[in-house]
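Notes to accompany the following structure.
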Amino acid sequence: MPDMERDLTRTYVLVLAIEAVVILALAWLSQHFS
Amino acid sequence: MSWIDWTIVVVYLVWIVSSGLRVSQRAKEVEGYFRANRSMPWWAAGISVMATQLSAITLVGTTGQGYADGIRFVQFYFGLPIAMVILSLTLVPFFYRSGVYTAYEYLERRFDVKTRTLAAAIFLAQRGLSCGVIIAAPAIILSIVLGWNIVITILAIGVPTIVYTMFGGVQAVTWTDVKQMSVVLGAMTAAVVILILGLPHGVSAGDALHIAGAVGRLKAIDLRFDIREKYTIWSGLIGGLFLSLSYFGCDQSQVQRYLTAKSVTQSRSSLLLSGFVKIPLQAMILLTGVLVFAFFLFHPAPMLFNRVYDPQVQSSPRAAEYRALQDEYDARAAAREHAAQTMATAQDSGSADQLASARDAFIKADADVKSVRARATTLVKDVSGDQTYSDVNYVFPTFILNYMPIGLVGIMIAAIISAAMSASSGEMNALATASVMDFYKRHFRPSAPDASYLRWSKISTAFWGLFACGVAIYASNLGSLIEVVNTFGSLFYGSILGVFILALAFKPANGHGAFVGLIAGLVVVFTVAFHPATKTISYLWFNVIGAVVVTIVGLVVSLATGGNRRT
């Protein structure tokens with residue numbers, strides 16, 4: 001059975017949201033341990 | 001290295017080669033050899049994408065960078081998740097549905113054969129050389145710190161990789177990548193545990209981070225917009241975006257990984273895995289380097305980690321000066337250790353005044369150590385004549401060999417070899433694909449039997465593997481060449497990306513425009529990179545410059561030559 005093409009919009013949003021969170025966490029790390 | 005560690009390394013090599021060869025039964029025709037019959041689960045293809053990018057020099061170089069410069073290098077990867085989303089929406093479905101074997105094959109369908117051939121030739125030249133460097137860089141480090149023969153070290157990494165890549169094709173590459181990535185991650189986790197357990201009594205991991213943070217090791221974000229600065233949030237987000245778009249979207253060594261997935265959705269998911277994991281993974285590797293810095297505050301560390309020129313310096317007229325620097329270093333390092341211990345105590349005491357003065361004392365003590373190391377480095381450069389001398393890549397191996405327990409040393413060495421093998425096997429496989437599909441089949445034997453293409457694919461893999469070993473042996477005698485080849489990619493990536501932007505985003509673009517645009521982009525990027533007035537521009541921006549020049553010139557030439565007449 002062919003693999004149906006799934007809508008990955010939510011995954012894209014999640015990738016970008018996690019990137020934003022990681023960058024903020026790194027900014028916090030810089031600030032907290034400076 | 002003890003016999004137990006030797007046994008672990010040998011067992012690892014046998015395990016990897018045999019597991020690679022086991023899947024060779026599934027590569028009986030070209031489709032299986034180069035595209036795994038499109039049978040790979042998304043997670044395996046995704047791990048393979050990451051393993052191909054994570055070379056041994058990433059492992060030891062990034063930890064060294066964390067030790068020497070802190071975690072700011074993480075900004076380099078900020079454009080990557082955005083690129084993964086863009087590629088999933090654009091190039092991945094194009095490549096997958098068009099059924100191409102190589103990214104460059106698509107350029108012929110959209111433009112013409114000369115654009116495809118030029119792009120594929122650039123890939124072969126650039127990646128053929130870089131595959132050699134991927135093998136040479138860890139081999140040089142291992143041969144220096146372990147006293148191994150350099151040629152044997154290169155062959156010990158290169159030959160097993162050639163064997164399983166040649167017989168097993170892309171399936172062997174992907175499944176061994178999964179195993180090798182597990183070895184790397186397991187070994188890095190073990191290193192972090194040993195580093196934390198190795199901190200002295202009264203110094204917690206939090207204290208260690210505060211101490212390292214006092215001298216800027218945890219400064220991750222640089223908001224300045226300065227195109228001469230290598231790593232800022234802007235060079236990472238913009239330059240890194242263009243670099244990632246080009247590397248993951250237009251470089252056959254990456255495209256081939258996700259074209260093996262079972263469907264377009266799985267192809268996209270395999271790329272998005274890097275989007276999720278890459279920044280945290282790199283941050284973890286850099287933080288390991290920061291912990292190595294904290295560890296060496298409390299444990300003896302050599303003045304310079306790269307001791308390759310020690311005998312030359314010791315027997316030179318400046319030997320007394322070097323000895324004096326060593327004595328000064330010993331005293332300064334002891335003072336810094338005391339200052340770090342005082343700072344950890346002050347950190348726990350909760351007194352702001354005590355902490356502020358302890359912090360200032362530690363910053364000064366660290367600057368003193370840094371100054372001695374800088375003078376020693378300059379002396380080594382003067383005596384040896386090697387102006388590229390650096391000890392950053394030797395920090396982590398020094399920690400491994402001197403402070404990790406027997407057994408884990410073998411696993412760590414296996415992890416370094418793993419990283420080199422996983423990165424180079426992907427390159428060899430992709431180089432063979434482009435050689436056979438974009439040159440042999442396209443220009444010489446368009447309608448040969450499948451068995452003939454399969455035979456030439458294996459021959460081609462062996463050729464590129466041996467070529468890479470040859471380059472590695474040659475490069476190991478030319479330290480500066482490695483630096484050149486490491487930044488080599490950014491001279492080409494932006495321009496190649498420009499051709500794909502023209503193909504996908506601009507309907508009027510034609511083959512003449514793409515071809516002339518590509519050449520114009522390369523000329524401009526090389527000029528910017530080597531002209532005295534512009535060579536201070538950070539290499540990440542070359543990717544932006546190349547893509548923009550190719551797009552503009554390509555469009556102008558396309559319109560001047562009648563635009564796109566293809567239907």
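By order of appearance in the structure tokens: chains A, B, ..., then residues from 1 within every chain, and ligands from 1 in the order shown.
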Fewer than 5 positions away in the same chain doesn't count, so skip those; otherwise give me all residues within 10 Å of Val23 (chain B), counting only C-alpha atoms, as an NGL selection string. :B and (18 or 164 or 167-173 or 175-176)
Go ahead and write the residues just picked, N, CA and C atoms, as an mmCIF file, in the first residue's frame.
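Final output, saved to out14.cif:
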data_model
loop_
_atom_site.group_PDB
_atom_site.id
_atom_site.type_symbol
_atom_site.label_atom_id
_atom_site.label_comp_id
_atom_site.auth_asym_id
_atom_site.auth_seq_id
_atom_site.Cartn_x
_atom_site.Cartn_y
_atom_site.Cartn_z
ATOM 1 N N SER B 18 31.740 -6.079 9.218
ATOM 2 C CA SER B 18 30.891 -7.255 8.992
ATOM 3 C C SER B 18 29.424 -6.864 8.905
ATOM 4 N N TYR B 164 33.267 -1.827 3.205
ATOM 5 C CA TYR B 164 31.819 -1.999 3.375
ATOM 6 C C TYR B 164 31.004 -1.062 2.470
ATOM 7 N N PHE B 167 31.018 -2.767 -1.181
ATOM 8 C CA PHE B 167 30.171 -3.944 -1.367
ATOM 9 C C PHE B 167 28.716 -3.724 -0.957
ATOM 10 N N GLY B 168 28.503 -2.883 0.046
ATOM 11 C CA GLY B 168 27.144 -2.739 0.579
ATOM 12 C C GLY B 168 26.364 -1.553 0.035
ATOM 13 N N GLY B 169 27.061 -0.598 -0.630
ATOM 14 C CA GLY B 169 26.360 0.567 -1.164
ATOM 15 C C GLY B 169 25.698 1.396 -0.084
ATOM 16 N N VAL B 170 24.639 2.095 -0.493
ATOM 17 C CA VAL B 170 24.016 3.068 0.401
ATOM 18 C C VAL B 170 23.371 2.408 1.622
ATOM 19 N N GLN B 171 22.948 1.146 1.486
ATOM 20 C CA GLN B 171 22.316 0.491 2.641
ATOM 21 C C GLN B 171 23.340 0.204 3.733
ATOM 22 N N ALA B 172 24.527 -0.231 3.305
ATOM 23 C CA ALA B 172 25.593 -0.451 4.285
ATOM 24 C C ALA B 172 25.972 0.872 4.940
ATOM 25 N N VAL B 173 26.042 1.928 4.111
ATOM 26 C CA VAL B 173 26.405 3.250 4.647
ATOM 27 C C VAL B 173 25.384 3.681 5.706
ATOM 28 N N TRP B 175 23.050 1.904 7.496
ATOM 29 C CA TRP B 175 22.947 1.110 8.722
ATOM 30 C C TRP B 175 24.199 1.185 9.575
ATOM 31 N N THR B 176 25.368 1.319 8.932
ATOM 32 C CA THR B 176 26.581 1.500 9.762
ATOM 33 C C THR B 176 26.581 2.904 10.376
#
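DSSP secondary structure from the backbone places Thr9, Arg10, Thr11, Tyr12, Val13, Leu14, Val15, Leu16, Ala17, Ile18, Glu19, Ala20, Val21, Val22, Ile23, Leu24, Ala25, Leu26, Ala27, Trp28, Leu29, Ser30, Gln31 and His32 of chain A of chain A in helix (DSSP H, G or I).
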Can you work out which one of B:Ser349, B:Gln282, B:Ser422, B:Thr551 has the shortest atom-to-atom distance to chain A, counting only C-alpha atoms?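 Among B:Ser349, B:Gln282, B:Ser422, B:Thr551, it is B:Gln282 that comes nearest to chain A.
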Could you tell me which residues of chain B sit within 7 Å of chain A when counting only C-alpha atoms, and give me the result as a PyMOL selection string? chain B and resi 81-82+85+209-210+213-214+216+218-221+263-265+275-276
Filtering to all heavy atoms, could you give me those residues as a JSON list (two decimals), in the first residue's frame?
[["chain", "number", "residue", "atom", "x", "y", "z"],
["B", 81, "PRO", "N", 17.80, 24.54, 11.23],
["B", 81, "PRO", "CA", 16.39, 24.08, 11.30],
["B", 81, "PRO", "C", 15.50, 24.80, 10.29],
["B", 81, "PRO", "O", 14.60, 24.18, 9.70],
["B", 81, "PRO", "CB", 15.99, 24.43, 12.74],
["B", 81, "PRO", "CG", 17.26, 24.50, 13.50],
["B", 81, "PRO", "CD", 18.26, 25.05, 12.54],
["B", 82, "ILE", "N", 15.78, 26.10, 10.06],
["B", 82, "ILE", "CA", 14.96, 26.86, 9.10],
["B", 82, "ILE", "C", 15.18, 26.26, 7.70],
["B", 82, "ILE", "O", 14.24, 26.07, 6.92],
["B", 82, "ILE", "CB", 15.35, 28.36, 9.12],
["B", 82, "ILE", "CG1", 15.25, 28.90, 10.55],
["B", 82, "ILE", "CG2", 14.47, 29.17, 8.17],
["B", 82, "ILE", "CD1", 15.89, 30.27, 10.74],
["B", 85, "VAL", "N", 13.22, 23.06, 7.12],
["B", 85, "VAL", "CA", 11.80, 23.29, 6.82],
["B", 85, "VAL", "C", 11.66, 23.74, 5.36],
["B", 85, "VAL", "O", 10.82, 23.21, 4.60],
["B", 85, "VAL", "CB", 11.21, 24.34, 7.79],
["B", 85, "VAL", "CG1", 9.81, 24.74, 7.35],
["B", 85, "VAL", "CG2", 11.19, 23.78, 9.22],
["B", 209, "LEU", "N", 30.40, 25.41, 35.82],
["B", 209, "LEU", "CA", 29.84, 26.24, 34.74],
["B", 209, "LEU", "C", 29.95, 27.72, 35.10],
["B", 209, "LEU", "O", 30.21, 28.56, 34.24],
["B", 209, "LEU", "CB", 28.39, 25.85, 34.47],
["B", 209, "LEU", "CG", 28.18, 24.47, 33.82],
["B", 209, "LEU", "CD1", 26.70, 24.18, 33.61],
["B", 209, "LEU", "CD2", 28.92, 24.35, 32.49],
["B", 210, "HIS", "N", 29.74, 28.06, 36.38],
["B", 210, "HIS", "CA", 29.89, 29.46, 36.80],
["B", 210, "HIS", "C", 31.33, 29.94, 36.61],
["B", 210, "HIS", "O", 31.57, 31.05, 36.14],
["B", 210, "HIS", "CB", 29.48, 29.62, 38.27],
["B", 210, "HIS", "CG", 28.00, 29.81, 38.44],
["B", 210, "HIS", "ND1", 27.34, 30.97, 38.05],
["B", 210, "HIS", "CD2", 27.05, 29.01, 38.96],
["B", 210, "HIS", "CE1", 26.05, 30.85, 38.31],
["B", 210, "HIS", "NE2", 25.83, 29.68, 38.85],
["B", 213, "GLY", "N", 31.91, 30.25, 32.95],
["B", 213, "GLY", "CA", 31.12, 31.39, 32.48],
["B", 213, "GLY", "C", 31.78, 32.72, 32.81],
["B", 213, "GLY", "O", 31.66, 33.69, 32.06],
["B", 214, "ALA", "N", 32.54, 32.77, 33.93],
["B", 214, "ALA", "CA", 33.21, 34.01, 34.33],
["B", 214, "ALA", "C", 34.20, 34.47, 33.27],
["B", 214, "ALA", "O", 34.46, 35.66, 33.11],
["B", 214, "ALA", "CB", 33.92, 33.81, 35.67],
["B", 216, "GLY", "N", 33.81, 33.87, 30.02],
["B", 216, "GLY", "CA", 33.11, 33.95, 28.73],
["B", 216, "GLY", "C", 32.88, 32.64, 28.01],
["B", 216, "GLY", "O", 32.41, 32.65, 26.86],
["B", 218, "LEU", "N", 30.62, 30.50, 28.35],
["B", 218, "LEU", "CA", 29.22, 30.14, 28.11],
["B", 218, "LEU", "C", 28.45, 31.24, 27.38],
["B", 218, "LEU", "O", 27.22, 31.24, 27.35],
["B", 218, "LEU", "CB", 28.53, 29.80, 29.44],
["B", 218, "LEU", "CG", 29.02, 28.48, 30.03],
["B", 218, "LEU", "CD1", 28.60, 28.30, 31.46],
["B", 218, "LEU", "CD2", 28.52, 27.30, 29.20],
["B", 219, "LYS", "N", 29.19, 32.17, 26.80],
["B", 219, "LYS", "CA", 28.54, 33.22, 26.02],
["B", 219, "LYS", "C", 28.14, 32.63, 24.67],
["B", 219, "LYS", "O", 28.98, 32.42, 23.79],
["B", 219, "LYS", "CB", 29.49, 34.41, 25.83],
["B", 219, "LYS", "CG", 28.82, 35.64, 25.25],
["B", 219, "LYS", "CD", 29.85, 36.76, 25.13],
["B", 219, "LYS", "CE", 29.25, 38.06, 24.64],
["B", 219, "LYS", "NZ", 28.43, 38.00, 23.46],
["B", 220, "ALA", "N", 26.85, 32.33, 24.52],
["B", 220, "ALA", "CA", 26.40, 31.62, 23.32],
["B", 220, "ALA", "C", 25.96, 32.57, 22.22],
["B", 220, "ALA", "O", 26.07, 32.25, 21.03],
["B", 220, "ALA", "CB", 25.26, 30.68, 23.69],
["B", 221, "ILE", "N", 25.43, 33.73, 22.60],
["B", 221, "ILE", "CA", 24.81, 34.60, 21.60],
["B", 221, "ILE", "C", 25.59, 35.90, 21.46],
["B", 221, "ILE", "O", 25.87, 36.57, 22.45],
["B", 221, "ILE", "CB", 23.35, 34.95, 22.01],
["B", 221, "ILE", "CG1", 22.58, 33.68, 22.45],
["B", 221, "ILE", "CG2", 22.63, 35.68, 20.90],
["B", 221, "ILE", "CD1", 22.16, 32.75, 21.37],
["B", 263, "SER", "N", 9.18, 7.21, 1.43],
["B", 263, "SER", "CA", 8.19, 8.09, 0.79],
["B", 263, "SER", "C", 8.66, 9.54, 0.93],
["B", 263, "SER", "O", 9.64, 9.82, 1.64],
["B", 263, "SER", "CB", 6.84, 7.94, 1.49],
["B", 263, "SER", "OG", 6.96, 8.40, 2.83],
["B", 264, "VAL", "N", 7.93, 10.45, 0.25],
["B", 264, "VAL", "CA", 8.27, 11.88, 0.37],
["B", 264, "VAL", "C", 8.16, 12.30, 1.84],
["B", 264, "VAL", "O", 9.02, 13.01, 2.36],
["B", 264, "VAL", "CB", 7.32, 12.75, -0.48],
["B", 264, "VAL", "CG1", 7.67, 14.22, -0.33],
["B", 264, "VAL", "CG2", 7.40, 12.37, -1.93],
["B", 265, "THR", "N", 7.10, 11.84, 2.50],
["B", 265, "THR", "CA", 6.90, 12.22, 3.90],
["B", 265, "THR", "C", 8.06, 11.73, 4.75],
["B", 265, "THR", "O", 8.58, 12.47, 5.60],
["B", 265, "THR", "CB", 5.58, 11.59, 4.42],
["B", 265, "THR", "OG1", 4.53, 12.02, 3.56],
["B", 265, "THR", "CG2", 5.29, 12.04, 5.84],
["B", 275, "GLY", "N", 16.73, 19.01, 12.04],
["B", 275, "GLY", "CA", 16.18, 20.30, 12.49],
["B", 275, "GLY", "C", 15.89, 20.30, 13.98],
["B", 275, "GLY", "O", 16.12, 21.28, 14.68],
["B", 276, "PHE", "N", 15.41, 19.16, 14.48],
["B", 276, "PHE", "CA", 15.12, 19.04, 15.92],
["B", 276, "PHE", "C", 16.39, 18.90, 16.76],
["B", 276, "PHE", "O", 16.53, 19.50, 17.81],
["B", 276, "PHE", "CB", 14.25, 17.79, 16.18],
["B", 276, "PHE", "CG", 12.80, 17.99, 15.89],
["B", 276, "PHE", "CD1", 12.15, 17.21, 14.93],
["B", 276, "PHE", "CD2", 12.04, 18.94, 16.57],
["B", 276, "PHE", "CE1", 10.80, 17.38, 14.66],
["B", 276, "PHE", "CE2", 10.69, 19.10, 16.31],
["B", 276, "PHE", "CZ", 10.07, 18.32, 15.35]]
Which residues, written as a ChimeraX atom specification, have at least one atom at most 8 Å from Arg336 (chain B), with only C-alpha atoms counted and residues fewer than 3 positions away on the same chain left out? /B:297,332-333,339-340,362,365-366,369
I need the chosen residues saved as a PDB file, in the first residue's frame, with C-alpha atoms.
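Heads up, here's the output in out_28.pdb:
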ATOM      1  CA  LEU B 297      41.530  23.909  35.957  1.00  0.00           C
ATOM      2  CA  ARG B 332      50.307  30.456  36.678  1.00  0.00           C
ATOM      3  CA  ALA B 333      48.258  27.250  36.332  1.00  0.00           C
ATOM      4  CA  ALA B 339      41.574  31.041  42.222  1.00  0.00           C
ATOM      5  CA  ALA B 340      39.043  28.600  40.732  1.00  0.00           C
ATOM      6  CA  PHE B 362      40.001  34.056  38.691  1.00  0.00           C
ATOM      7  CA  ALA B 365      44.578  34.248  36.797  1.00  0.00           C
ATOM      8  CA  ASP B 366      43.007  32.774  33.645  1.00  0.00           C
ATOM      9  CA  VAL B 369      47.597  31.379  31.822  1.00  0.00           C
TER      10      VAL B 369
END
Which residues come within 12 Å of Gly426 (chain B), counting only C-alpha atoms, excluding same-chain residues fewer than 4 positions away, as a PyMOL selection string? chain B and resi 34+45+47-55+127-128+130-131+134+161-162+164-166+168-177+251-258+419-422+430-433+461+464-465
Nearby residues (only C-alpha atoms) at most 9 Å from Phe399 (chain B), same-chain spacing under 3 positions excluded, as a count of residues only: 9
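Omitting Leu142 (chain B) and its sequence neighbours fewer than 4 positions away, and counting only C-alpha atoms, the residues within 8 Å are Pro138, Leu146, Gly147, Trp148, Thr153 and Pro397 of chain B.
CA of Ala205 (chain B) lies 13.3 Å from CA of Met343 (chain B).
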In Å to one decimal, how far is CA of Gly489 (chain B) from CA of Ala136 (chain B)?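 Computed distance, CA of Ala136 (chain B) to CA of Gly489 (chain B), equals 16.6 Å.
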Need to verify the contact set: region 511-522 of chain B, 6 Å, only C-alpha atoms, exclusion of same-chain residues closer than 2 positions in sequence. Can you return it as a ChimeraX atom specification? /B:111-112,115,495,499,524-525,546,549-550,553-554,557-558
Please write the residues from the selection above to a file, keeping all heavy atoms, as an mmCIF file, in the first residue's frame.
data_model
loop_
_atom_site.group_PDB
_atom_site.id
_atom_site.type_symbol
_atom_site.label_atom_id
_atom_site.label_comp_id
_atom_site.auth_asym_id
_atom_site.auth_seq_id
_atom_site.Cartn_x
_atom_site.Cartn_y
_atom_site.Cartn_z
ATOM 1 N N PHE B 111 17.308 22.535 -16.796
ATOM 2 C CA PHE B 111 18.110 23.418 -17.646
ATOM 3 C C PHE B 111 18.690 22.648 -18.833
ATOM 4 O O PHE B 111 18.017 22.433 -19.821
ATOM 5 C CB PHE B 111 19.231 24.085 -16.834
ATOM 6 C CG PHE B 111 18.740 25.043 -15.783
ATOM 7 C CD1 PHE B 111 19.199 24.944 -14.481
ATOM 8 C CD2 PHE B 111 17.832 26.044 -16.083
ATOM 9 C CE1 PHE B 111 18.751 25.820 -13.511
ATOM 10 C CE2 PHE B 111 17.376 26.923 -15.113
ATOM 11 C CZ PHE B 111 17.841 26.808 -13.816
ATOM 12 N N ASP B 112 19.950 22.262 -18.708
ATOM 13 C CA ASP B 112 20.594 21.531 -19.802
ATOM 14 C C ASP B 112 21.749 20.686 -19.266
ATOM 15 O O ASP B 112 22.094 20.769 -18.079
ATOM 16 C CB ASP B 112 21.092 22.490 -20.893
ATOM 17 C CG ASP B 112 21.981 23.576 -20.318
ATOM 18 O OD1 ASP B 112 22.552 23.360 -19.233
ATOM 19 O OD2 ASP B 112 22.111 24.640 -20.939
ATOM 20 N N THR B 115 24.945 22.480 -17.562
ATOM 21 C CA THR B 115 24.789 22.938 -16.170
ATOM 22 C C THR B 115 24.898 21.750 -15.212
ATOM 23 O O THR B 115 25.558 21.828 -14.180
ATOM 24 C CB THR B 115 23.420 23.637 -15.997
ATOM 25 O OG1 THR B 115 23.295 24.619 -17.016
ATOM 26 C CG2 THR B 115 23.299 24.289 -14.635
ATOM 27 N N SER B 495 27.091 29.296 -4.620
ATOM 28 C CA SER B 495 26.873 29.369 -6.072
ATOM 29 C C SER B 495 26.024 28.190 -6.545
ATOM 30 O O SER B 495 25.130 28.353 -7.392
ATOM 31 C CB SER B 495 28.212 29.385 -6.817
ATOM 32 O OG SER B 495 28.977 30.487 -6.370
ATOM 33 N N VAL B 499 22.056 28.137 -8.353
ATOM 34 C CA VAL B 499 21.543 27.432 -9.538
ATOM 35 C C VAL B 499 20.197 26.763 -9.216
ATOM 36 O O VAL B 499 19.255 26.809 -10.018
ATOM 37 C CB VAL B 499 22.569 26.387 -10.029
ATOM 38 C CG1 VAL B 499 22.011 25.587 -11.198
ATOM 39 C CG2 VAL B 499 23.851 27.058 -10.439
ATOM 40 N N VAL B 524 33.078 35.617 -8.373
ATOM 41 C CA VAL B 524 32.881 36.671 -7.358
ATOM 42 C C VAL B 524 33.276 36.145 -5.964
ATOM 43 O O VAL B 524 33.997 36.817 -5.228
ATOM 44 C CB VAL B 524 31.413 37.175 -7.366
ATOM 45 C CG1 VAL B 524 31.148 38.080 -6.160
ATOM 46 C CG2 VAL B 524 31.120 37.916 -8.662
ATOM 47 N N VAL B 525 32.837 34.936 -5.623
ATOM 48 C CA VAL B 525 33.145 34.401 -4.287
ATOM 49 C C VAL B 525 34.659 34.212 -4.110
ATOM 50 O O VAL B 525 35.226 34.590 -3.079
ATOM 51 C CB VAL B 525 32.397 33.071 -4.033
ATOM 52 C CG1 VAL B 525 32.905 32.398 -2.763
ATOM 53 C CG2 VAL B 525 30.906 33.327 -3.908
ATOM 54 N N GLY B 546 27.451 34.110 -3.005
ATOM 55 C CA GLY B 546 27.405 33.205 -4.164
ATOM 56 C C GLY B 546 25.982 33.011 -4.665
ATOM 57 O O GLY B 546 25.707 33.135 -5.872
ATOM 58 N N VAL B 549 24.616 36.329 -6.306
ATOM 59 C CA VAL B 549 25.239 36.645 -7.605
ATOM 60 C C VAL B 549 24.716 35.690 -8.687
ATOM 61 O O VAL B 549 24.338 36.132 -9.790
ATOM 62 C CB VAL B 549 26.785 36.564 -7.510
ATOM 63 C CG1 VAL B 549 27.430 36.640 -8.895
ATOM 64 C CG2 VAL B 549 27.322 37.671 -6.622
ATOM 65 N N VAL B 550 24.673 34.404 -8.403
ATOM 66 C CA VAL B 550 24.211 33.434 -9.412
ATOM 67 C C VAL B 550 22.759 33.738 -9.799
ATOM 68 O O VAL B 550 22.404 33.718 -10.992
ATOM 69 C CB VAL B 550 24.323 31.977 -8.881
ATOM 70 C CG1 VAL B 550 23.659 31.001 -9.846
ATOM 71 C CG2 VAL B 550 25.779 31.601 -8.681
ATOM 72 N N VAL B 553 22.786 37.251 -11.905
ATOM 73 C CA VAL B 553 23.440 37.094 -13.220
ATOM 74 C C VAL B 553 22.673 36.061 -14.059
ATOM 75 O O VAL B 553 22.434 36.259 -15.260
ATOM 76 C CB VAL B 553 24.924 36.676 -13.053
ATOM 77 C CG1 VAL B 553 25.555 36.362 -14.408
ATOM 78 C CG2 VAL B 553 25.705 37.764 -12.349
ATOM 79 N N GLY B 554 22.263 34.977 -13.417
ATOM 80 C CA GLY B 554 21.532 33.925 -14.131
ATOM 81 C C GLY B 554 20.243 34.435 -14.740
ATOM 82 O O GLY B 554 19.910 34.111 -15.888
ATOM 83 N N VAL B 557 21.108 36.940 -17.728
ATOM 84 C CA VAL B 557 21.556 36.207 -18.927
ATOM 85 C C VAL B 557 20.389 35.420 -19.536
ATOM 86 O O VAL B 557 20.221 35.372 -20.767
ATOM 87 C CB VAL B 557 22.746 35.275 -18.589
ATOM 88 C CG1 VAL B 557 23.107 34.393 -19.785
ATOM 89 C CG2 VAL B 557 23.956 36.071 -18.154
ATOM 90 N N SER B 558 19.560 34.834 -18.680
ATOM 91 C CA SER B 558 18.403 34.072 -19.189
ATOM 92 C C SER B 558 17.489 34.979 -20.007
ATOM 93 O O SER B 558 17.070 34.626 -21.127
ATOM 94 C CB SER B 558 17.604 33.483 -18.021
ATOM 95 O OG SER B 558 18.363 32.534 -17.339
#
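Going from CA of Ser235 (chain B) over to CA of Val544 (chain B), you cover 9.8 Å.
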